[in-house]
>>> print(open('structure.cif').read())   # mmCIF, C-alpha atoms
data_work
#
loop_
_atom_site.label_atom_id
_atom_site.label_comp_id
_atom_site.auth_asym_id
_atom_site.auth_seq_id
_atom_site.Cartn_x
_atom_site.Cartn_y
_atom_site.Cartn_z
CA MET V 148 8.72 7.43 -25.06
CA SER V 149 7.54 4.37 -26.94
CA GLN V 150 4.47 2.41 -25.99
CA ASN V 151 5.11 0.15 -22.99
CA ASN V 152 3.71 -3.34 -23.63
CA SER V 153 2.62 -3.70 -20.01
CA VAL V 154 0.42 -0.58 -20.25
CA PRO V 155 -2.56 -1.00 -22.59
CA VAL V 156 -4.05 1.85 -24.55
CA PHE V 157 -7.37 2.98 -23.07
CA PRO V 158 -10.14 5.13 -24.56
CA HIS V 159 -9.42 8.86 -24.46
CA HIS V 160 -12.27 10.15 -22.28
CA GLY V 161 -10.93 12.58 -19.71
CA SER V 162 -7.62 12.85 -21.51
CA HIS V 163 -4.75 15.18 -20.77
CA VAL V 164 -2.39 16.67 -23.33
CA ASP V 165 1.21 16.56 -22.15
CA ARG V 166 3.90 19.10 -23.02
CA ARG V 167 4.78 17.19 -26.18
CA GLY V 168 1.20 17.55 -27.40
CA MET V 169 0.35 13.87 -26.86
CA SER V 170 -3.04 12.99 -25.46
CA ILE V 171 -3.04 10.62 -22.48
CA SER V 172 -6.27 9.15 -21.13
CA ASP V 173 -7.04 9.03 -17.42
CA ASN V 174 -6.82 5.24 -17.43
CA ARG V 175 -3.47 5.28 -19.21
CA LYS V 176 -2.16 7.72 -16.59
CA ARG V 177 -3.41 5.41 -13.86
CA ALA V 178 -1.84 2.41 -15.59
CA LEU V 179 1.50 4.18 -15.91
CA PHE V 180 1.40 5.28 -12.27
CA ILE V 181 0.23 1.96 -10.77
CA GLY V 182 2.02 -0.43 -13.10
CA PRO V 183 0.98 -3.83 -14.50
CA LYS V 184 -1.37 -4.53 -11.57
CA PHE V 185 -3.67 -1.79 -12.91
CA THR V 186 -4.98 -3.88 -15.81
CA THR V 187 -5.24 -7.12 -13.85
CA TYR V 188 -6.76 -5.74 -10.64
CA TYR V 189 -7.20 -1.99 -10.14
CA TYR V 190 -8.93 -1.15 -13.43
CA GLY V 191 -11.94 -3.26 -12.41
CA LYS V 192 -11.90 -2.05 -8.82
CA PHE V 193 -11.63 1.63 -9.81
CA SER V 194 -14.42 1.18 -12.38
CA LYS V 195 -16.70 -0.21 -9.66
CA ILE V 196 -15.89 2.74 -7.43
CA ASP V 197 -16.62 5.18 -10.28
CA GLN V 198 -19.91 3.48 -11.22
CA ASN V 199 -21.64 3.28 -7.88
CA ASN V 200 -19.41 5.41 -5.64
CA ALA V 201 -19.11 2.52 -3.20
CA ALA V 202 -16.54 0.04 -2.00
CA SER V 203 -15.07 -2.07 -4.75
CA GLY V 204 -14.52 -5.31 -2.97
CA PHE V 205 -12.07 -6.64 -0.45
CA ASN V 206 -8.31 -6.04 -0.76
CA PHE V 207 -6.62 -9.09 0.74
CA GLY V 208 -3.18 -7.49 0.51
CA ALA V 209 -4.24 -4.66 2.81
CA PHE V 210 -6.02 -7.13 5.11
CA PHE V 211 -3.08 -9.52 5.54
CA PHE V 212 -0.17 -7.07 5.37
CA CYS V 213 -1.81 -3.96 6.93
CA PHE V 214 0.75 -1.15 7.12
CA LEU V 215 3.21 -3.03 4.88
CA TRP V 216 0.73 -2.84 1.97
CA PHE V 217 0.57 0.94 2.33
CA PHE V 218 4.37 1.26 2.28
CA TYR V 219 4.56 -1.10 -0.71
CA ARG V 220 2.10 1.16 -2.57
CA LYS V 221 4.18 4.25 -1.57
CA MET V 222 1.41 5.55 0.68
CA TYR V 223 3.83 6.38 3.47
CA VAL V 224 1.62 8.73 5.50
CA TYR V 225 -1.21 6.17 5.51
CA GLY V 226 1.24 3.43 6.50
CA CYS V 227 2.51 5.52 9.41
CA LEU V 228 -1.07 6.23 10.51
CA VAL V 229 -1.86 2.50 10.50
CA ILE V 230 1.27 1.82 12.57
CA LEU V 231 0.21 4.49 15.09
CA LEU V 232 -3.30 3.05 15.20
CA MET V 233 -1.94 -0.44 15.79
CA LEU V 234 0.36 0.82 18.55
CA CYS V 235 -2.56 2.60 20.22
CA VAL V 236 -4.72 -0.49 19.96
CA GLY V 237 -1.91 -2.62 21.40
CA THR V 238 -1.44 -0.21 24.29
CA ILE V 239 -5.16 -0.01 25.04
CA SER V 240 -5.61 -3.78 24.85
CA GLU V 241 -2.64 -4.25 27.19
CA TYR V 242 -4.07 -1.70 29.63
CA LEU V 243 -7.54 -3.28 29.53
CA GLU V 244 -6.03 -6.78 29.61
CA PHE V 245 -7.81 -7.83 26.43
CA GLN V 246 -6.32 -9.91 23.67
CA VAL V 247 -4.95 -7.54 21.02
CA PHE V 248 -6.51 -9.83 18.43
CA LEU V 249 -9.99 -8.70 19.48
CA PHE V 250 -9.11 -5.14 18.45
CA SER V 251 -6.71 -5.74 15.57
CA LEU V 252 -8.98 -8.04 13.55
CA PRO V 253 -11.68 -5.37 13.00
CA ILE V 254 -8.93 -2.93 11.96
CA ALA V 255 -7.55 -5.41 9.43
CA ILE V 256 -11.06 -6.03 8.06
CA ALA V 257 -11.65 -2.27 7.71
CA LEU V 258 -8.31 -1.89 5.91
CA GLY V 259 -9.27 -4.67 3.50
CA MET V 260 -12.69 -3.12 2.85
CA TYR V 261 -11.54 0.47 2.29
CA ALA V 262 -8.04 0.07 0.83
CA ASN V 263 -9.16 0.27 -2.81
CA PRO V 264 -11.15 3.53 -2.53
CA VAL V 265 -8.36 5.10 -0.44
CA TYR V 266 -5.76 3.97 -2.98
CA LYS V 267 -7.84 5.33 -5.87
CA ALA V 268 -8.07 8.74 -4.18
CA PHE V 269 -4.32 8.65 -3.49
CA VAL V 270 -3.55 7.78 -7.13
CA GLU V 271 -5.82 10.55 -8.45
CA GLN V 272 -4.23 13.12 -6.13
CA LYS V 273 -0.69 12.10 -7.07
CA ILE V 274 -1.49 12.15 -10.79
CA ARG V 275 -2.93 15.67 -10.50
CA LYS V 276 0.20 16.77 -8.65
CA ILE V 277 2.48 15.23 -11.29
CA GLU V 278 0.44 16.86 -14.08
CA SER V 279 0.95 20.25 -12.45
CA LEU V 280 4.73 19.88 -12.62
CA ALA V 281 6.64 21.51 -15.45
CA THR V 282 7.75 18.24 -17.03
CA ASN V 283 8.49 17.43 -20.64
CA ASN V 284 7.55 13.78 -20.30
CA LEU V 285 4.42 13.08 -18.24
CA GLU V 286 4.59 9.33 -18.87
CA HIS V 287 8.12 9.11 -17.49
CA GLU V 288 7.19 11.13 -14.38
CA LEU V 289 4.12 8.94 -13.72
CA ILE V 290 6.26 5.81 -13.88
CA LYS V 291 9.08 7.32 -11.81
CA ARG V 292 6.86 8.69 -9.02
CA GLY V 293 4.32 5.86 -9.02
CA ARG V 294 4.57 2.09 -9.05
CA THR V 295 5.48 0.16 -5.92
CA SER V 296 8.39 -0.04 -3.51
CA ILE V 297 9.34 -3.44 -2.16
CA VAL V 298 12.33 -1.69 -0.53
CA ALA V 299 10.03 0.55 1.54
CA ALA V 300 7.86 -2.38 2.63
CA CYS V 301 10.84 -4.55 3.56
CA GLY V 302 12.61 -1.62 5.19
CA ILE V 303 9.70 -0.72 7.46
CA PHE V 304 9.23 -4.41 8.28
CA VAL V 305 12.87 -4.69 9.40
CA VAL V 306 12.60 -1.47 11.42
CA MET V 307 9.42 -2.68 13.13
CA VAL V 308 10.96 -6.08 13.95
CA LEU V 309 14.07 -4.41 15.37
CA LEU V 310 12.00 -1.96 17.44
CA LEU V 311 9.74 -4.68 18.78
CA SER V 312 12.65 -6.98 19.61
CA PHE V 313 14.41 -4.12 21.37
CA ILE V 314 11.27 -3.35 23.38
CA PHE V 315 10.53 -6.95 24.36
CA LEU V 316 14.15 -7.97 25.00
CA ALA V 317 15.04 -4.89 27.02
#
>>> encode(input="structure.cif", output="structure tokens")
Amino acid sequence: MSQNNSVPVFPHHGSHVDRRGMSISDNRKRALFIGPKFTTYYYGKFSKIDQNNAASGFNFGAFFFCFLWFFYRKMYVYGCLVILLMLCVGTISEYLEFQVFLFSLPIAIALGMYANPVYKAFVEQKIRKIESLATNNLEHELIKRGRTSIVAACGIFVVMVLLLSFIFLA
């Protein structure tokens, strides 16, 4: 596979040799898996996490889009957990006769604060899993299994709108 212009070459510390004998650095694997957003956003965030083992700043995508951000980033289990959490919060706030906003805002803030470290751990886990596969082209597998899914985010949005409209109109 030829060099992809959207994926820069990074230093080879922590490199992996694929089945073709080519050395791929950890950052290149991350860039291939995440896509172009790695160099413009996640490289800096992941570096901050690595340096001081702390939060890397606020992720406004996770804050504003909550579960949709997780589905967009192909973190389906996390997205489902956020949906369940939001449903529980909605049910509890309805039962206690509180505004759901009082409970959902702290959840959205927490998602914004911790989305980057959670995403980094997810990316590292997925890359390790892909590396363990018997594949002839690691770069291709990283691109194929990584990146984003606008279809998943839009699909879950449509499903949620249909479910909520069915519940409230029934």
>>> resolve_selection(input="structure.cif", expression="the PyMOL selection byres ((chain V and resi 271-273) around 12)", output="VMD selection string")
chain V and resid 173 to 174 176 to 178 180 to 181 193 221 to 222 264 to 270 274 to 280 288 to 294
>>> closest_residue(input="structure.cif", among="V:Ser296, V:Phe217, V:Phe211, V:Ala281", to="Ile254 (chain V)", atoms="all atoms listed in the file")
V:Phe211
>>> resolve_selection(input="structure.cif", expression="the PyMOL selection byres ((chain V and resi 255) around 12)", output="PyMOL selection string")
chain V and resi 205-216+229-230+232-233+236+248-254+256-262
>>> closest_residue(input="structure.cif", among="V:Ser312, V:Ser240, V:Asn263, V:Asn284", to="Gly204 (chain V)", atoms="all atoms listed in the file")
V:Asn263
>>> atom_distance(input="structure.cif", atom1="CA of Met307 (chain V)", atom2="CA of Leu234 (chain V)")
11.1 Å
>>> residues_near_point(input="structure.cif", point="(3.2, 10.0, -21.3)", cutoff="7 Å", atoms="all atoms listed in the file", output="PyMOL selection string")
chain V and resi 165+171+284-287
>>> atom_distance(input="structure.cif", atom1="CA of Val247 (chain V)", atom2="CA of Leu311 (chain V)")
15.1 Å
>>> atom_distance(input="structure.cif", atom1="CA of Ser203 (chain V)", atom2="CA of Tyr225 (chain V)")
19.1 Å
>>> residues_near_point(input="structure.cif", point="(6.3, -0.5, -2.9)", cutoff="7 Å", atoms="all atoms listed in the file", output="list of chain:residue names")
V:Phe218, V:Tyr219, V:Arg220, V:Lys221, V:Arg294, V:Thr295, V:Ser296, V:Ile297, V:Val298, V:Ala299, V:Ala300
>>> axis_aligned_box(input="structure.cif", around="region 250-255 of chain V", padding_each_side="8 Å", output="JSON")
{"center_x": -9.2, "center_y": -5.5, "center_z": 13.9, "size_x": 21.0, "size_y": 21.1, "size_z": 25.0}
>>> closest_residue(input="structure.cif", among="V:Arg175, V:Phe313, V:Glu241, V:Thr282", to="Tyr190 (chain V)", atoms="all atoms listed in the file")
V:Arg175
>>> decode(input="structure.cif", residues="region 212-260 of chain V", atoms="C-alpha atoms", output="short mmCIF file (atom, residue, chain, number, x, y, z; two decimals), in the first residue's frame")
data_model
loop_
_atom_site.label_atom_id
_atom_site.label_comp_id
_atom_site.auth_asym_id
_atom_site.auth_seq_id
_atom_site.Cartn_x
_atom_site.Cartn_y
_atom_site.Cartn_z
CA PHE V 212 -23.71 15.08 20.61
CA CYS V 213 -23.40 12.66 23.58
CA PHE V 214 -24.22 9.13 22.41
CA LEU V 215 -24.12 10.15 18.73
CA TRP V 216 -20.40 10.98 19.05
CA PHE V 217 -19.71 7.47 20.34
CA PHE V 218 -21.58 5.87 17.44
CA TYR V 219 -19.79 8.17 14.97
CA ARG V 220 -16.45 7.00 16.41
CA LYS V 221 -17.62 3.33 16.15
CA MET V 222 -17.70 2.95 19.93
CA TYR V 223 -21.05 1.19 19.85
CA VAL V 224 -21.00 -0.35 23.33
CA TYR V 225 -20.15 3.02 24.89
CA GLY V 226 -22.88 4.69 22.85
CA CYS V 227 -25.44 2.15 24.05
CA LEU V 228 -24.30 2.66 27.65
CA VAL V 229 -24.76 6.43 27.31
CA ILE V 230 -28.25 5.88 25.88
CA LEU V 231 -29.13 3.62 28.82
CA LEU V 232 -27.73 6.17 31.26
CA MET V 233 -29.75 8.94 29.65
CA LEU V 234 -32.91 6.82 29.74
CA CYS V 235 -32.34 6.07 33.43
CA VAL V 236 -31.73 9.73 34.18
CA GLY V 237 -34.88 10.68 32.27
CA THR V 238 -36.92 8.11 34.16
CA ILE V 239 -35.54 9.17 37.55
CA SER V 240 -36.05 12.86 36.83
CA GLU V 241 -39.63 12.16 35.73
CA TYR V 242 -40.27 10.14 38.89
CA LEU V 243 -38.76 12.82 41.13
CA GLU V 244 -40.44 15.58 39.11
CA PHE V 245 -37.15 17.35 38.41
CA GLN V 246 -36.17 18.91 35.14
CA VAL V 247 -34.15 16.36 33.17
CA PHE V 248 -31.75 19.18 32.32
CA LEU V 249 -30.53 19.26 35.93
CA PHE V 250 -29.30 15.68 35.56
CA SER V 251 -28.34 15.57 31.88
CA LEU V 252 -26.04 18.61 31.91
CA PRO V 253 -23.55 17.06 34.38
CA ILE V 254 -23.55 13.88 32.27
CA ALA V 255 -22.80 15.86 29.11
CA ILE V 256 -19.99 17.72 30.91
CA ALA V 257 -18.50 14.42 32.13
CA LEU V 258 -18.67 13.00 28.60
CA GLY V 259 -16.86 16.07 27.26
CA MET V 260 -14.18 15.82 29.95
#
